$ cat my_file.pdb   # PDB, C-alpha atoms
ATOM      1  CA  MET F 280      13.473 -14.852 -18.891
ATOM      2  CA  VAL F 281      15.503 -12.583 -21.130
ATOM      3  CA  GLU F 282      17.987 -10.445 -19.233
ATOM      4  CA  ARG F 283      17.949  -6.843 -20.404
ATOM      5  CA  LYS F 284      21.338  -5.156 -20.756
ATOM      6  CA  LEU F 285      21.822  -1.477 -20.090
ATOM      7  CA  GLY F 286      24.529  -1.241 -22.750
ATOM      8  CA  ARG F 287      26.358   2.071 -22.821
ATOM      9  CA  GLY F 288      23.462   3.863 -21.109
ATOM     10  CA  LEU F 289      24.264   4.639 -17.489
ATOM     11  CA  ASP F 290      27.858   3.465 -17.814
ATOM     12  CA  TYR F 291      28.371   6.130 -20.472
ATOM     13  CA  PHE F 292      27.421   8.910 -18.072
ATOM     14  CA  LEU F 293      29.013   7.417 -14.969
ATOM     15  CA  SER F 294      32.354   7.019 -16.698
ATOM     16  CA  GLY F 295      32.587  10.764 -17.222
ATOM     17  CA  SER F 296      32.497  10.287 -21.013
ATOM     18  CA  ALA F 297      29.520  12.562 -21.334
ATOM     19  CA  GLU F 298      31.566  15.563 -20.331
ATOM     20  CA  SER F 299      35.131  16.598 -19.714
ATOM     21  CA  GLY F 300      36.549  15.705 -16.352
ATOM     22  CA  ALA F 301      35.281  12.927 -14.102
ATOM     23  CA  PRO F 302      33.283  14.086 -11.051
ATOM     24  CA  SER F 303      34.725  13.521  -7.590
ATOM     25  CA  GLU F 304      33.505  10.496  -5.663
ATOM     26  CA  SER F 305      33.999   8.438  -2.505
ATOM     27  CA  VAL F 306      32.547   5.268  -0.964
ATOM     28  CA  ALA F 307      30.816   5.379   2.416
ATOM     29  CA  GLN F 308      28.449   3.442   4.696
ATOM     30  CA  LEU F 309      25.395   5.703   5.060
ATOM     31  CA  ASP F 310      22.358   5.543   7.345
ATOM     32  CA  VAL F 311      19.313   4.600   5.266
ATOM     33  CA  SER F 312      17.404   7.425   6.977
ATOM     34  CA  ARG F 313      19.758   9.992   5.429
ATOM     35  CA  LEU F 314      18.980   8.895   1.870
ATOM     36  CA  VAL F 315      16.166  10.508  -0.140
ATOM     37  CA  ALA F 316      14.654   9.542  -3.495
ATOM     38  CA  ASN F 317      15.609  11.183  -6.789
ATOM     39  CA  PRO F 318      12.678  13.417  -7.882
ATOM     40  CA  PHE F 319      13.784  13.178 -11.525
ATOM     41  CA  GLN F 320      13.484   9.441 -12.008
ATOM     42  CA  PRO F 321      10.608   8.286 -14.284
ATOM     43  CA  ARG F 322       9.402   5.404 -12.096
ATOM     44  CA  ARG F 323       6.485   6.451  -9.914
ATOM     45  CA  GLU F 324       5.464   3.053  -8.565
ATOM     46  CA  PHE F 325       7.469   0.097  -7.256
ATOM     47  CA  ALA F 326       5.922  -3.377  -7.281
ATOM     48  CA  PRO F 327       5.737  -4.541  -3.626
ATOM     49  CA  ASN F 328       6.452  -8.171  -4.573
ATOM     50  CA  GLU F 329       9.663  -7.169  -6.372
ATOM     51  CA  ILE F 330      10.847  -5.111  -3.396
ATOM     52  CA  GLU F 331      10.075  -8.032  -1.061
ATOM     53  CA  GLU F 332      12.047 -10.466  -3.245
ATOM     54  CA  LEU F 333      15.015  -8.122  -3.293
ATOM     55  CA  ALA F 334      14.741  -7.615   0.464
ATOM     56  CA  ALA F 335      14.853 -11.396   0.970
ATOM     57  CA  SER F 336      18.010 -11.541  -1.136
ATOM     58  CA  ILE F 337      19.576  -8.721   0.880
ATOM     59  CA  ARG F 338      18.757 -10.485   4.163
ATOM     60  CA  SER F 339      20.527 -13.560   2.819
ATOM     61  CA  ALA F 340      23.566 -12.101   1.069
ATOM     62  CA  GLY F 341      23.622  -8.428   1.999
ATOM     63  CA  LEU F 342      23.582  -5.458  -0.355
ATOM     64  CA  LEU F 343      26.275  -6.346  -2.889
ATOM     65  CA  GLN F 344      26.084  -3.296  -5.171
ATOM     66  CA  PRO F 345      26.543   0.218  -3.721
ATOM     67  CA  ILE F 346      23.840   2.817  -4.213
ATOM     68  CA  LEU F 347      24.895   5.887  -6.183
ATOM     69  CA  VAL F 348      24.113   9.128  -4.315
ATOM     70  CA  ARG F 349      25.032  12.791  -4.243
ATOM     71  CA  PRO F 350      25.185  15.104  -1.215
ATOM     72  CA  VAL F 351      22.260  17.534  -0.892
ATOM     73  CA  GLY F 352      22.464  19.572   2.305
ATOM     74  CA  ASP F 353      22.754  17.160   5.251
ATOM     75  CA  ARG F 354      21.217  14.291   3.258
ATOM     76  CA  TYR F 355      22.089  12.212   0.215
ATOM     77  CA  GLN F 356      19.886  12.085  -2.872
ATOM     78  CA  ILE F 357      19.731   8.721  -4.642
ATOM     79  CA  ILE F 358      20.889   8.902  -8.239
ATOM     80  CA  ALA F 359      20.739   5.172  -8.997
ATOM     81  CA  GLY F 360      19.504   2.319  -6.809
ATOM     82  CA  GLU F 361      16.196   3.415  -5.299
ATOM     83  CA  ARG F 362      14.828  -0.157  -5.471
ATOM     84  CA  ARG F 363      17.874  -1.394  -3.533
ATOM     85  CA  TRP F 364      17.395   1.361  -0.942
ATOM     86  CA  ARG F 365      13.714   0.520  -0.456
ATOM     87  CA  ALA F 366      14.521  -3.196  -0.194
ATOM     88  CA  ALA F 367      17.373  -2.529   2.249
ATOM     89  CA  LYS F 368      14.988  -0.631   4.542
ATOM     90  CA  LEU F 369      12.468  -3.461   4.288
ATOM     91  CA  ALA F 370      15.220  -5.959   5.108
ATOM     92  CA  GLY F 371      15.997  -4.025   8.292
ATOM     93  CA  LEU F 372      19.405  -2.621   7.275
ATOM     94  CA  GLU F 373      20.421   0.520   9.141
ATOM     95  CA  ARG F 374      23.345   1.390   6.856
ATOM     96  CA  VAL F 375      24.050   0.758   3.185
ATOM     97  CA  PRO F 376      27.176   1.044   1.035
ATOM     98  CA  ALA F 377      26.985   4.105  -1.190
ATOM     99  CA  LEU F 378      29.110   5.679  -3.885
ATOM    100  CA  VAL F 379      28.990   9.404  -3.096
ATOM    101  CA  ARG F 380      29.468  11.592  -6.138
ATOM    102  CA  SER F 381      29.323  15.392  -6.361
ATOM    103  CA  ILE F 382      27.331  16.196  -9.497
ATOM    104  CA  SER F 383      24.966  18.885 -10.756
ATOM    105  CA  ASP F 384      21.160  18.824 -10.779
ATOM    106  CA  ASP F 385      21.142  18.163 -14.530
ATOM    107  CA  GLN F 386      23.533  15.238 -14.203
ATOM    108  CA  ALA F 387      21.473  13.767 -11.353
ATOM    109  CA  ALA F 388      18.356  14.019 -13.499
ATOM    110  CA  ILE F 389      20.064  12.323 -16.448
ATOM    111  CA  PHE F 390      21.451   9.510 -14.297
ATOM    112  CA  GLY F 391      18.040   8.843 -12.762
ATOM    113  CA  LEU F 392      16.368   8.781 -16.162
ATOM    114  CA  VAL F 393      18.942   6.581 -17.867
ATOM    115  CA  GLU F 394      19.058   4.048 -15.038
ATOM    116  CA  ASN F 395      15.353   3.318 -15.452
ATOM    117  CA  LEU F 396      14.941   3.613 -19.219
ATOM    118  CA  HIS F 397      15.806  -0.027 -19.884
ATOM    119  CA  ARG F 398      13.507  -1.396 -17.200
ATOM    120  CA  GLU F 399      10.635  -3.463 -18.578
ATOM    121  CA  ASP F 400       8.061  -2.062 -16.147
ATOM    122  CA  LEU F 401       8.229   1.469 -17.532
ATOM    123  CA  ASN F 402       5.302   2.064 -19.871
ATOM    124  CA  PRO F 403       5.896   3.612 -23.330
ATOM    125  CA  ILE F 404       4.763   7.085 -22.283
ATOM    126  CA  GLU F 405       7.114   7.122 -19.280
ATOM    127  CA  LYS F 406       9.973   6.110 -21.577
ATOM    128  CA  ALA F 407       9.006   8.766 -24.118
ATOM    129  CA  GLN F 408       8.991  11.446 -21.411
ATOM    130  CA  ALA F 409      12.370  10.246 -20.168
ATOM    131  CA  PHE F 410      13.919  10.416 -23.642
ATOM    132  CA  ARG F 411      12.571  13.932 -24.181
ATOM    133  CA  ARG F 412      13.805  15.078 -20.765
ATOM    134  CA  ILE F 413      17.302  13.738 -21.457
ATOM    135  CA  GLN F 414      17.323  15.596 -24.765
ATOM    136  CA  GLU F 415      16.296  18.814 -23.009
ATOM    137  CA  LEU F 416      18.898  18.426 -20.273
ATOM    138  CA  THR F 417      21.759  17.563 -22.618
ATOM    139  CA  LYS F 418      20.614  20.077 -25.253
ATOM    140  CA  GLY F 419      21.339  17.402 -27.833
ATOM    141  CA  THR F 420      19.564  15.778 -30.741
ATOM    142  CA  GLN F 421      17.676  12.489 -30.742
ATOM    143  CA  ASP F 422      20.781  10.994 -32.358
ATOM    144  CA  ASP F 423      22.784  12.135 -29.325
ATOM    145  CA  VAL F 424      20.249  10.673 -26.905
ATOM    146  CA  ALA F 425      20.189   7.350 -28.769
ATOM    147  CA  ARG F 426      23.982   7.122 -28.674
ATOM    148  CA  GLN F 427      24.115   7.994 -24.984
ATOM    149  CA  VAL F 428      21.525   5.405 -23.900
ATOM    150  CA  GLY F 429      22.764   2.692 -26.278
ATOM    151  CA  LEU F 430      19.684   2.458 -28.529
ATOM    152  CA  ASP F 431      18.900   3.045 -32.200
ATOM    153  CA  ARG F 432      17.808   6.567 -33.122
ATOM    154  CA  SER F 433      14.615   5.174 -34.656
ATOM    155  CA  THR F 434      13.696   3.612 -31.309
ATOM    156  CA  VAL F 435      14.076   6.926 -29.505
ATOM    157  CA  THR F 436      12.143   8.751 -32.240
ATOM    158  CA  ASN F 437       9.250   6.274 -32.146
ATOM    159  CA  PHE F 438       8.874   6.700 -28.396
ATOM    160  CA  VAL F 439       9.107  10.501 -28.408
ATOM    161  CA  ARG F 440       6.479  10.745 -31.174
ATOM    162  CA  LEU F 441       3.944   9.250 -28.776
ATOM    163  CA  LEU F 442       4.002  12.554 -26.895
ATOM    164  CA  ASP F 443       2.386  14.197 -29.951
ATOM    165  CA  LEU F 444      -0.814  12.260 -29.199
ATOM    166  CA  PRO F 445      -3.641  13.868 -27.192
ATOM    167  CA  SER F 446      -3.424  13.301 -23.439
ATOM    168  CA  GLU F 447      -6.497  11.034 -23.547
ATOM    169  CA  VAL F 448      -4.778   8.692 -26.016
ATOM    170  CA  GLN F 449      -1.508   8.818 -24.078
ATOM    171  CA  ALA F 450      -3.447   7.721 -20.983
ATOM    172  CA  HIS F 451      -4.653   4.612 -22.838
ATOM    173  CA  VAL F 452      -1.061   3.788 -23.803
ATOM    174  CA  SER F 453       0.115   4.291 -20.211
ATOM    175  CA  ARG F 454      -2.569   1.933 -18.884
ATOM    176  CA  GLY F 455      -1.895  -0.655 -21.559
ATOM    177  CA  THR F 456      -5.414  -0.517 -23.000
ATOM    178  CA  LEU F 457      -3.799   0.687 -26.229
ATOM    179  CA  SER F 458      -0.517  -0.804 -27.446
ATOM    180  CA  MET F 459       2.403   1.212 -28.744
ATOM    181  CA  GLY F 460       1.787  -0.315 -32.193
ATOM    182  CA  HIS F 461      -1.787   0.979 -32.181
ATOM    183  CA  ALA F 462      -0.618   4.396 -30.979
ATOM    184  CA  ARG F 463       1.987   4.651 -33.741
ATOM    185  CA  ALA F 464      -0.669   3.797 -36.335
ATOM    186  CA  ILE F 465      -3.013   6.444 -34.927
ATOM    187  CA  LEU F 466      -0.246   9.043 -35.335
ATOM    188  CA  GLY F 467      -0.825   8.644 -39.083
ATOM    189  CA  VAL F 468      -3.869  10.891 -38.595
ATOM    190  CA  ALA F 469      -3.045  14.548 -37.979
ATOM    191  CA  ASP F 470      -6.368  15.678 -36.489
ATOM    192  CA  GLU F 471      -6.509  15.281 -32.693
ATOM    193  CA  GLU F 472     -10.247  14.607 -32.548
ATOM    194  CA  ALA F 473      -9.859  11.904 -35.183
ATOM    195  CA  GLN F 474      -7.010  10.413 -33.150
ATOM    196  CA  LYS F 475      -9.244  10.247 -30.055
ATOM    197  CA  LEU F 476     -12.100   8.640 -31.980
ATOM    198  CA  LEU F 477      -9.765   6.153 -33.621
ATOM    199  CA  ALA F 478      -8.246   5.221 -30.253
ATOM    200  CA  ASP F 479     -11.702   4.702 -28.733
ATOM    201  CA  LYS F 480     -12.801   2.567 -31.690
ATOM    202  CA  SER F 481      -9.589   0.510 -31.529
ATOM    203  CA  ILE F 482     -10.281  -0.342 -27.895
ATOM    204  CA  ARG F 483     -14.037  -0.777 -28.220
ATOM    205  CA  ASP F 484     -13.871  -3.014 -31.309
ATOM    206  CA  ARG F 485     -10.598  -4.730 -30.360
ATOM    207  CA  LEU F 486      -8.984  -3.772 -33.644
ATOM    208  CA  SER F 487      -5.583  -5.131 -34.615
ATOM    209  CA  VAL F 488      -2.744  -2.771 -35.526
ATOM    210  CA  ARG F 489      -3.231  -3.622 -39.223
ATOM    211  CA  GLN F 490      -6.927  -2.800 -39.012
ATOM    212  CA  VAL F 491      -6.104   0.583 -37.466
ATOM    213  CA  GLU F 492      -3.519   1.224 -40.194
ATOM    214  CA  ALA F 493      -6.154   0.391 -42.820
ATOM    215  CA  LEU F 494      -8.601   2.845 -41.239
ATOM    216  CA  VAL F 495      -5.914   5.530 -41.240
ATOM    217  CA  GLN F 496      -5.312   4.980 -44.971
ATOM    218  CA  GLU F 497      -9.049   5.201 -45.657
ATOM    219  CA  MET F 498      -9.232   8.481 -43.770
ATOM    220  CA  LYS F 499      -6.263   9.874 -45.701
ATOM    221  CA  GLN F 500      -7.910   8.913 -48.994
ATOM    222  CA  GLY F 501     -11.138  10.690 -48.088
ATOM    223  CA  VAL F 502     -13.207   7.594 -47.329
ATOM    224  CA  PRO F 503     -15.954   8.442 -44.760
ATOM    225  CA  ARG F 504     -14.570   7.961 -41.285
ATOM    226  CA  ALA F 505     -15.216   4.590 -39.702
ATOM    227  CA  THR F 506     -14.520   6.353 -36.418
ATOM    228  CA  GLU F 507     -17.547   8.645 -36.510
ATOM    229  CA  GLU F 508     -19.769   8.518 -33.451
ATOM    230  CA  PRO F 509     -23.114   6.720 -34.016
ATOM    231  CA  ALA F 510     -26.006   8.946 -35.038
ATOM    232  CA  ALA F 511     -28.655   9.956 -32.517
ATOM    233  CA  GLY F 512     -31.159   7.199 -31.971
ATOM    234  CA  ALA F 513     -28.736   4.460 -32.958
ATOM    235  CA  SER F 514     -28.379   1.565 -30.549
ATOM    236  CA  PRO F 515     -24.746   0.405 -30.503
ATOM    237  CA  LYS F 516     -24.038  -2.808 -28.663
ATOM    238  CA  SER F 517     -23.278  -1.820 -25.097
ATOM    239  CA  ARG F 518     -21.069  -3.655 -22.642
ATOM    240  CA  PRO F 519     -21.550  -3.695 -18.864
ATOM    241  CA  LEU F 520     -19.532  -1.020 -17.101
ATOM    242  CA  TRP F 521     -18.120  -3.542 -14.627
ATOM    243  CA  ILE F 522     -16.501  -5.485 -17.480
ATOM    244  CA  LYS F 523     -14.779  -2.326 -18.721
ATOM    245  CA  GLU F 524     -13.579  -1.627 -15.173
ATOM    246  CA  ILE F 525     -12.116  -5.137 -14.921
ATOM    247  CA  GLU F 526     -10.300  -4.638 -18.241
ATOM    248  CA  GLU F 527      -8.838  -1.299 -17.167
ATOM    249  CA  THR F 528      -7.808  -2.610 -13.731
ATOM    250  CA  LEU F 529      -6.045  -5.661 -15.179
ATOM    251  CA  ALA F 530      -4.438  -3.555 -17.907
ATOM    252  CA  SER F 531      -3.100  -1.170 -15.274
ATOM    253  CA  VAL F 532      -1.660  -4.017 -13.176
ATOM    254  CA  LEU F 533      -0.173  -6.004 -16.066
ATOM    255  CA  GLY F 534       0.848  -3.102 -18.295
ATOM    256  CA  ALA F 535      -0.783  -4.769 -21.316
ATOM    257  CA  GLU F 536      -4.072  -4.567 -23.199
ATOM    258  CA  VAL F 537      -6.733  -6.814 -21.640
ATOM    259  CA  ASN F 538     -10.063  -7.904 -23.163
ATOM    260  CA  VAL F 539     -12.820  -9.608 -21.179
ATOM    261  CA  ARG F 540     -15.555 -11.656 -22.841
ATOM    262  CA  TYR F 541     -18.185 -12.658 -20.356
ATOM    263  CA  SER F 542     -21.141 -15.016 -20.598
ATOM    264  CA  ARG F 543     -22.968 -17.156 -18.079
ATOM    265  CA  LYS F 544     -21.681 -20.399 -19.582
ATOM    266  CA  ARG F 545     -18.169 -19.496 -20.611
ATOM    267  CA  SER F 546     -15.972 -16.430 -20.107
ATOM    268  CA  ARG F 547     -12.508 -15.404 -21.242
ATOM    269  CA  ILE F 548      -9.827 -12.979 -20.140
ATOM    270  CA  MET F 549      -7.453 -12.222 -23.018
ATOM    271  CA  ILE F 550      -4.126 -10.441 -22.551
ATOM    272  CA  ASN F 551      -2.757  -8.892 -25.735
ATOM    273  CA  CYS F 552       1.022  -8.424 -25.835
ATOM    274  CA  SER F 553       2.689  -6.284 -28.498
ATOM    275  CA  GLY F 554       5.936  -8.268 -28.599
ATOM    276  CA  ARG F 555       8.230 -10.831 -27.000
ATOM    277  CA  GLU F 556       9.472  -8.442 -24.325
ATOM    278  CA  GLN F 557       5.986  -7.517 -23.130
ATOM    279  CA  PHE F 558       4.864 -11.162 -23.298
ATOM    280  CA  GLU F 559       7.736 -12.324 -21.086
ATOM    281  CA  ARG F 560       7.169  -9.498 -18.603
ATOM    282  CA  VAL F 561       3.451 -10.292 -18.282
ATOM    283  CA  TYR F 562       4.192 -14.016 -18.028
ATOM    284  CA  GLY F 563       6.659 -13.321 -15.219
ATOM    285  CA  GLN F 564       4.083 -11.265 -13.321
ATOM    286  CA  LEU F 565       1.423 -13.976 -13.649
ATOM    287  CA  LYS F 566       3.878 -16.685 -12.611
ATOM    288  CA  LYS F 567       4.909 -14.761  -9.503
ATOM    289  CA  SER F 568       1.281 -14.205  -8.470
ATOM    290  CA  GLY F 569       0.694 -17.951  -8.623
ATOM    291  CA  ASP F 570       3.744 -18.935  -6.555
TER     292      ASP F 570
END

$ encode --input "my_file.pdb" --output "structure tokens"
Amino acid sequence: MVERKLGRGLDYFLSGSAESGAPSESVAQLDVSRLVANPFQPRREFAPNEIEELAASIRSAGLLQPILVRPVGDRYQIIAGERRWRAAKLAGLERVPALVRSISDDQAAIFGLVENLHREDLNPIEKAQAFRRIQELTKGTQDDVARQVGLDRSTVTNFVRLLDLPSEVQAHVSRGTLSMGHARAILGVADEEAQKLLADKSIRDRLSVRQVEALVQEMKQGVPRATEEPAAGASPKSRPLWIKEIEETLASVLGAEVNVRYSRKRSRIMINCSGREQFERVYGQLKKSGD
């Protein structure tokens, strides 16, 4: 598997380079019960199998990397390392090493966002929201955000543009029923209703990104929309609802577009990955489930 590097990202902020003067800090052994999660971090779900694997490692070798926290009242809010904290509790640890740093709410939000931005299990919409939130908190440009998280400006821009899509289309991207490539192509149409219809057609007809781009060009040139709903009385080929539910469930679990073709003699489940990174992540998930 390819190991993702954080680059400047979190290190940039933790080093104090993002502002003048390094924040005060100390190292301590803290009760796990006194730690609370960071409400600003973009990850909302943690894969149980990943937490269990990390817990097994902690039972064997201990928690090698301190958790970054900040004092909030009589507790400590986790800035970076929530997975380690959850795994440490599962492993039965009562205390964990923690780097205690006094920082502001905005800094805590930025740290939490940046730590998770390079994780493969964040979907494109979560990443887009994180980039936009960092920009709001730092009051900077997309160029500034890109420099701070160690990515190209075009990468940040492409993610943030996804937030211009209607919420219904964003939901498809979040579930993986619509790839980021498809979503970017759909952005070529300005009308929101047309975007929704095009997204639905892309999923229903299993269109490739190039086919969606071709439809967008036709619509721009005034060619009658291929995304129009069928006229009353028409009888489009319907698919059983349970098949659609299977596709959506698998897409939600794997974070990738899934197509199911069912017949009594032979059936297929196809997982469509938009690139090498997504392919390797899905492969890793499938491999773990079979171990």

$ atom_distance --input "my_file.pdb" --atom1 "atom CA of Ser305 of chain F" --atom2 "atom CA of Phe390 of chain F"
17.3 Å

$ resolve_selection --input "my_file.pdb" --expression "the PyMOL selection byres ((chain F and resi 407-423) around 9)" --output "VMD selection string"
chain F and resid 320 to 321 385 to 386 388 to 389 392 to 393 395 to 396 402 to 406 424 to 428 431 to 433 435 to 442

$ resolve_selection --input "my_file.pdb" --expression "the PyMOL selection byres ((chain F and resi 552-562) around 7)" --output "JSON, numbers by chain"
{"F": [280, 399, 458, 533, 535, 536, 550, 551, 563, 564, 565, 566]}

$ write_last_selection --input "my_file.pdb" --atoms "C-alpha atoms" --output "PDB file, in the frame of the given file"
ATOM      1  CA  MET F 280      13.473 -14.852 -18.891  1.00  0.00           C
ATOM      2  CA  GLU F 399      10.635  -3.463 -18.578  1.00  0.00           C
ATOM      3  CA  SER F 458      -0.517  -0.804 -27.446  1.00  0.00           C
ATOM      4  CA  LEU F 533      -0.173  -6.004 -16.066  1.00  0.00           C
ATOM      5  CA  ALA F 535      -0.783  -4.769 -21.316  1.00  0.00           C
ATOM      6  CA  GLU F 536      -4.072  -4.567 -23.199  1.00  0.00           C
ATOM      7  CA  ILE F 550      -4.126 -10.441 -22.551  1.00  0.00           C
ATOM      8  CA  ASN F 551      -2.757  -8.892 -25.735  1.00  0.00           C
ATOM      9  CA  GLY F 563       6.659 -13.321 -15.219  1.00  0.00           C
ATOM     10  CA  GLN F 564       4.083 -11.265 -13.321  1.00  0.00           C
ATOM     11  CA  LEU F 565       1.423 -13.976 -13.649  1.00  0.00           C
ATOM     12  CA  LYS F 566       3.878 -16.685 -12.611  1.00  0.00           C
TER      13      LYS F 566
END

$ axis_aligned_box --input "my_file.pdb" --around "segment 551-556 of chain F" --padding-each-side "3 Å" --output "lines of an AutoDock Vina configuration file"
center_x = 3.4
center_y = -8.6
center_z = -26.5
size_x = 18.2
size_y = 10.5
size_z = 10.3

$ atom_distance --input "my_file.pdb" --atom1 "atom CA of Val491 of chain F" --atom2 "atom CA of Arg545 of chain F"
28.9 Å

$ closest_residue --input "my_file.pdb" --among "F:Glu526, F:Asp310, F:Glu394, F:Asp443" --to "Glu361 of chain F" --atoms "all atoms listed in the file"
F:Glu394

$ resolve_selection --input "my_file.pdb" --expression "the PyMOL selection byres ((chain F and resi 346) around 8)" --output "list in words"
Gln344, Pro345, Leu347, Val348, Ile357, Ile358, Ala359, Gly360, Glu361, Arg363, Trp364, Val375, Pro376, Ala377 and Leu378 of chain F

$ decode --input "my_file.pdb" --residues "segment 327-342 of chain F" --atoms "C-alpha atoms" --output "JSON list (two decimals), in the first residue's frame"
[["chain", "number", "residue", "atom", "x", "y", "z"],
["F", 327, "PRO", "CA", -14.15, -0.30, 14.11],
["F", 328, "ASN", "CA", -11.68, -2.71, 12.46],
["F", 329, "GLU", "CA", -9.04, 0.03, 12.19],
["F", 330, "ILE", "CA", -9.48, 1.01, 15.84],
["F", 331, "GLU", "CA", -9.20, -2.66, 16.86],
["F", 332, "GLU", "CA", -5.98, -3.10, 14.85],
["F", 333, "LEU", "CA", -4.48, -0.02, 16.46],
["F", 334, "ALA", "CA", -5.60, -1.20, 19.89],
["F", 335, "ALA", "CA", -3.84, -4.54, 19.31],
["F", 336, "SER", "CA", -0.66, -2.65, 18.42],
["F", 337, "ILE", "CA", -0.96, -0.52, 21.55],
["F", 338, "ARG", "CA", -1.42, -3.61, 23.74],
["F", 339, "SER", "CA", 1.77, -5.00, 22.24],
["F", 340, "ALA", "CA", 4.04, -1.96, 22.08],
["F", 341, "GLY", "CA", 2.22, 0.77, 23.98],
["F", 342, "LEU", "CA", 1.22, 4.19, 22.69]]
